[in-house]
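Shown below: work.cif, with mmCIF, C-alpha atoms.
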```cif
data_model
#
loop_
_atom_site.label_atom_id
_atom_site.label_comp_id
_atom_site.auth_asym_id
_atom_site.auth_seq_id
_atom_site.Cartn_x
_atom_site.Cartn_y
_atom_site.Cartn_z
CA MET A 1 56.57 34.26 151.44
CA SER A 2 57.03 36.31 148.27
CA LYS A 3 54.17 36.65 145.81
CA THR A 4 56.26 34.96 143.13
CA LEU A 5 56.95 31.92 145.33
CA GLU A 6 53.26 31.81 146.24
CA ARG A 7 52.42 31.83 142.54
CA LEU A 8 54.89 29.00 141.90
CA ASN A 9 53.18 27.00 144.66
CA GLU A 10 49.74 27.69 143.13
CA LEU A 11 51.06 26.28 139.85
CA GLY A 12 52.38 23.19 141.63
CA LEU A 13 55.98 24.23 140.93
CA GLU A 14 58.99 24.51 143.16
CA LEU A 15 62.11 26.60 142.68
CA PRO A 16 64.96 24.08 142.28
CA GLU A 17 68.45 24.30 143.71
CA ILE A 18 70.81 26.32 141.55
CA ALA A 19 72.41 24.02 138.99
CA THR A 20 76.16 23.58 139.45
CA PRO A 21 78.07 25.24 136.59
CA ALA A 22 79.71 22.80 134.18
CA GLY A 23 82.62 25.20 133.55
CA ALA A 24 84.35 28.41 134.56
CA TYR A 25 81.35 30.73 134.85
CA VAL A 26 78.61 31.80 137.26
CA PRO A 27 74.93 30.79 136.87
CA ALA A 28 73.77 34.43 136.78
CA LEU A 29 75.28 37.88 137.03
CA ARG A 30 73.77 41.24 137.90
CA THR A 31 74.91 44.45 136.30
CA GLY A 32 72.94 47.58 137.13
CA ASP A 33 69.22 46.84 136.88
CA TYR A 34 69.63 43.65 134.85
CA VAL A 35 70.39 40.02 135.63
CA TYR A 36 71.78 37.80 132.87
CA THR A 37 71.74 34.05 133.25
CA SER A 38 74.26 31.71 131.77
CA GLY A 39 72.78 29.00 129.59
CA GLN A 40 70.48 26.90 131.75
CA LEU A 41 69.89 23.25 131.00
CA PRO A 42 66.80 21.26 132.05
CA VAL A 43 68.72 19.54 134.85
CA VAL A 44 66.65 17.82 137.54
CA ASP A 45 68.45 16.55 140.67
CA GLY A 46 71.80 16.92 138.92
CA LYS A 47 70.81 14.92 135.81
CA LEU A 48 69.32 15.54 132.39
CA PRO A 49 65.98 13.72 132.10
CA ALA A 50 66.52 13.33 128.34
CA THR A 51 69.24 13.80 125.75
CA GLY A 52 69.31 14.02 121.99
CA HIS A 53 67.81 15.91 119.08
CA LEU A 54 64.27 17.21 118.81
CA GLY A 55 62.63 15.54 115.87
CA THR A 56 64.45 12.22 116.20
CA ASP A 57 65.30 11.36 119.82
CA VAL A 58 62.99 13.74 121.68
CA ASP A 59 59.39 14.63 120.83
CA LEU A 60 57.89 18.11 120.81
CA ASP A 61 55.93 17.72 124.07
CA THR A 62 59.03 16.51 125.93
CA GLY A 63 61.05 19.40 124.51
CA TYR A 64 58.38 21.84 125.69
CA GLN A 65 58.51 20.40 129.22
CA LEU A 66 62.32 20.49 129.20
CA ALA A 67 62.20 24.18 128.24
CA ARG A 68 59.92 24.81 131.24
CA THR A 69 62.41 23.04 133.48
CA ALA A 70 65.28 25.09 132.07
CA GLY A 71 63.20 28.22 132.75
CA LEU A 72 62.73 27.20 136.39
CA ASN A 73 66.49 26.64 136.63
CA ALA A 74 67.02 30.14 135.23
CA LEU A 75 64.72 31.56 137.91
CA ALA A 76 66.71 29.71 140.58
CA ALA A 77 69.92 31.24 139.21
CA ILE A 78 68.33 34.70 139.24
CA ALA A 79 67.08 34.19 142.81
CA GLY A 80 70.64 33.30 143.78
CA VAL A 81 71.66 36.81 142.73
CA ILE A 82 68.69 38.94 143.84
CA GLY A 83 67.13 36.87 146.62
CA ASP A 84 63.44 37.70 146.31
CA LEU A 85 61.99 37.03 142.84
CA ASP A 86 59.45 39.79 143.51
CA LYS A 87 62.29 42.17 142.57
CA ILE A 88 61.85 41.15 138.94
CA VAL A 89 60.35 44.17 137.18
CA ARG A 90 59.98 42.23 133.93
CA VAL A 91 61.42 39.43 131.88
CA VAL A 92 63.26 41.22 129.07
CA LYS A 93 64.64 38.50 126.79
CA VAL A 94 64.69 34.73 126.46
CA THR A 95 67.09 33.03 124.09
CA GLY A 96 66.35 29.37 123.53
CA PHE A 97 68.60 26.86 121.82
CA VAL A 98 67.05 23.63 120.56
CA ASN A 99 69.20 20.60 119.71
CA SER A 100 67.49 19.91 116.39
CA ALA A 101 67.40 17.18 113.76
CA ASP A 102 68.16 18.53 110.29
CA ASP A 103 64.49 18.77 109.30
CA PHE A 104 63.08 19.91 112.67
CA THR A 105 61.51 23.38 112.40
CA GLN A 106 59.40 23.60 115.58
CA GLN A 107 61.95 25.47 117.72
CA PRO A 108 59.44 28.21 118.62
CA ALA A 109 56.96 25.60 119.89
CA VAL A 110 59.66 24.08 122.12
CA ILE A 111 60.74 27.43 123.58
CA ASN A 112 57.09 28.30 124.21
CA GLY A 113 57.60 26.07 127.25
CA VAL A 114 59.67 28.71 129.00
CA SER A 115 57.79 31.68 127.52
CA GLU A 116 54.41 30.38 128.67
CA LEU A 117 55.87 29.47 132.08
CA PHE A 118 57.00 33.06 132.58
CA GLY A 119 53.57 34.29 131.53
CA GLU A 120 51.92 31.97 134.05
CA ILE A 121 54.22 33.15 136.83
CA PHE A 122 54.60 36.86 136.11
CA GLY A 123 51.57 37.81 133.99
CA ASP A 124 52.31 40.91 131.91
CA ARG A 125 55.75 41.22 133.54
CA GLY A 126 56.58 37.88 131.92
CA GLN A 127 56.06 39.10 128.33
CA HIS A 128 59.46 39.26 126.66
CA ALA A 129 61.46 39.43 123.46
CA ARG A 130 62.70 36.03 122.34
CA SER A 131 64.85 34.04 119.97
CA ALA A 132 64.37 30.30 119.34
CA VAL A 133 67.42 28.89 117.58
CA GLY A 134 67.96 25.42 116.17
CA VAL A 135 71.46 24.01 116.64
CA ASN A 136 73.09 20.69 115.78
CA THR A 137 74.42 19.98 119.27
CA LEU A 138 74.32 21.34 122.82
CA PRO A 139 76.40 20.67 125.96
CA LEU A 140 76.02 17.18 127.42
CA GLY A 141 73.60 16.29 124.62
CA THR A 142 70.82 18.33 126.23
CA PRO A 143 67.81 18.90 123.97
CA VAL A 144 67.27 22.49 125.20
CA GLU A 145 69.26 25.37 126.69
CA VAL A 146 67.88 28.79 127.66
CA GLU A 147 69.34 32.15 128.60
CA VAL A 148 67.26 34.79 130.33
CA ILE A 149 67.64 38.53 130.93
CA VAL A 150 65.45 40.20 133.55
CA GLU A 151 65.14 43.77 134.77
CA VAL A 152 65.19 44.03 138.55
CA SER A 153 64.62 46.64 141.21
CA GLY A 154 66.28 47.19 144.55
CA ASP A 155 69.64 46.14 145.92
CA ALA A 156 71.35 42.85 145.23
CA ALA A 157 70.80 40.03 147.73
#
```
Just dump the structure as structure tokens.
Amino acid sequence: MSKTLERLNELGLELPEIATPAGAYVPALRTGDYVYTSGQLPVVDGKLPATGHLGTDVDLDTGYQLARTAGLNALAAIAGVIGDLDKIVRVVKVTGFVNSADDFTQQPAVINGVSELFGEIFGDRGQHARSAVGVNTLPLGTPVEVEVIVEVSGDAA
């Protein structure tokens, strides 16, 4: 078992199945030494556990947990391209979109869910650049969507 999967197990986490794309795109794509994910939603067993805006329909703690779930879905998409997650040299960039009420300004705290997850899994390799953007709507009414860029080593799976 890879060290990354062992670490996920230690954290009580499991790599989910790759989420089925909701359109004409692939979940992740490798070019050179980088893998780019498409926007990943916090889908669990094919469904969103919550919908709506942070600050009215969804509270901060739930948004944080949804960001973690979206991060796990991003890792599943990356694993679908590279196979072994131990090939991740470092997480380069996370872009997080938060479906926000007009007066909600805690987007960074929501996206900390995925950032802290990557730190827990990868240690220093999980430190990354990041954007946390508030938007007025997201696909399917999801509260959170994340995109991830990682640097990888070795051949594609």
Radius query 9 Å about (62.1, 41.4, 145.7), atoms used: only C-alpha atoms, as a PDB file with C-alpha atoms, keeping the file's coordinate frame:
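Final file, point14.pdb:
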```
ATOM      1  CA  SER A   2      57.030  36.310 148.270  1.00  0.00           C
ATOM      2  CA  ILE A  82      68.690  38.940 143.840  1.00  0.00           C
ATOM      3  CA  GLY A  83      67.130  36.870 146.620  1.00  0.00           C
ATOM      4  CA  ASP A  84      63.440  37.700 146.310  1.00  0.00           C
ATOM      5  CA  LEU A  85      61.990  37.030 142.840  1.00  0.00           C
ATOM      6  CA  ASP A  86      59.450  39.790 143.510  1.00  0.00           C
ATOM      7  CA  LYS A  87      62.290  42.170 142.570  1.00  0.00           C
ATOM      8  CA  ILE A  88      61.850  41.150 138.940  1.00  0.00           C
ATOM      9  CA  VAL A 152      65.190  44.030 138.550  1.00  0.00           C
ATOM     10  CA  SER A 153      64.620  46.640 141.210  1.00  0.00           C
ATOM     11  CA  GLY A 154      66.280  47.190 144.550  1.00  0.00           C
ATOM     12  CA  ASP A 155      69.640  46.140 145.920  1.00  0.00           C
TER      13      ASP A 155
END
```
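Taking CA of Asn99 (chain A) and CA of Leu72 (chain A) as the two end points, the separation is 19.1 Å.
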Checklist entry - Using all atoms listed in the file, which residues sit within 7 Å of Ile149 (chain A) once same-chain residues fewer than 5 positions away are excluded, as a PyMOL selection string? => result chain A and resi 34-37+91-94
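With CA of Thr4 (chain A) on one side and CA of Glu17 (chain A) on the other, the separation reads 16.2 Å.
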Next on the checklist: Residues within 12 Å of Ser131 (chain A), please, as a VMD selection string. Count only C-alpha atoms; anything in the same chain fewer than 4 positions from it doesn't count.
Outcome noted: chain A and resid 92 to 98 107 to 112 114 to 115 145 to 148
Next on the checklist: Under the PyMOL selection byres ((chain A and resi 53) around 8), which residues of this model are included? Write them out as a list of chain:residue names.
Outcome noted: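 What the PyMOL selection byres ((chain A and resi 53) around 8) grabs from the file is A:Thr51, A:Gly52, A:Leu54, A:Gly55, A:Thr56, A:Asp57, A:Val58, A:Val98, A:Asn99, A:Ser100, A:Ala101, A:Asn136, A:Thr137, A:Pro143.
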Checklist entry - If we count only C-alpha atoms, what is near Arg90 (chain A) at a cut-off of 7 Å, once residues fewer than 6 positions away on the same chain are taken out, given as a list in words? => result Arg125, Gly126, Val150 and Glu151 of chain A
Using only C-alpha atoms, please write the residues we just selected to a file, as an mmCIF file, in the frame of the given file.
```cif
data_model
loop_
_atom_site.group_PDB
_atom_site.id
_atom_site.type_symbol
_atom_site.label_atom_id
_atom_site.label_comp_id
_atom_site.auth_asym_id
_atom_site.auth_seq_id
_atom_site.Cartn_x
_atom_site.Cartn_y
_atom_site.Cartn_z
ATOM 1 C CA ARG A 125 55.750 41.220 133.540
ATOM 2 C CA GLY A 126 56.580 37.880 131.920
ATOM 3 C CA VAL A 150 65.450 40.200 133.550
ATOM 4 C CA GLU A 151 65.140 43.770 134.770
#
```
Item to check | Matched chain/residue IDs from the PyMOL selection byres ((chain A and resi 64) around 9), as number ranges by chain | outcome: A: 59-63, 65-69, 109-114, 144
Next on the checklist: What's around Tyr25 (chain A) at 12 Å? Count all atoms listed in the file, leave out sequence neighbours fewer than 2 positions away in its own chain, and write the answer as a ChimeraX atom specification.
Outcome noted: /A:19-23,27-29,37-40
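The gap separating CA of Gln127 (chain A) from CA of Val44 (chain A) is 25.5 Å, in Å to one decimal.
The shortest atom-to-atom distance to Arg7 (chain A), with all atoms listed in the file taken into account, belongs to A:Phe122 out of A:Val81, A:Arg30, A:Phe104, A:Phe122.
Candidate residues A:Asp33, A:Asp102, A:Asp45, A:Glu120 were compared for distance to Val89 (chain A), and the nearest is A:Asp33, using all atoms listed in the file.
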3 Å per side around region 71-77 of chain A: axis-aligned box centre and edge lengths, as JSON:
```
{"center_x": 66.3, "center_y": 29.1, "center_z": 136.7, "size_x": 13.2, "size_y": 10.9, "size_z": 13.8}
```
Next on the checklist: List as an MDAnalysis selection string the residues having at least one atom at most 12 Å from position (53.6, 27.9, 144.1) as given in the file, counting all atoms listed in the file.
Outcome noted: chainID A and resid 1:15 72 120:121
Item to check | Among listed residues A:Thr31, A:Ile18, A:Ala70, A:Val26, nearest Leu48 (chain A) (using only C-alpha atoms) | outcome: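 The closest residue to Leu48 (chain A) is A:Ala70.
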Checklist entry - Quick one: of A:Thr142, A:Ala24, A:Gly71, A:Gly134, who's nearest to Glu116 (chain A), counting all atoms listed in the file? => result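 Looking at the shortest contact to Glu116 (chain A), the residue is A:Gly71.
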Checklist outcome for this item: Between A:Val135, A:Ala50, A:Leu41, A:Ala129, smallest distance to Leu75 (chain A) by only C-alpha atoms belongs to A:Leu41
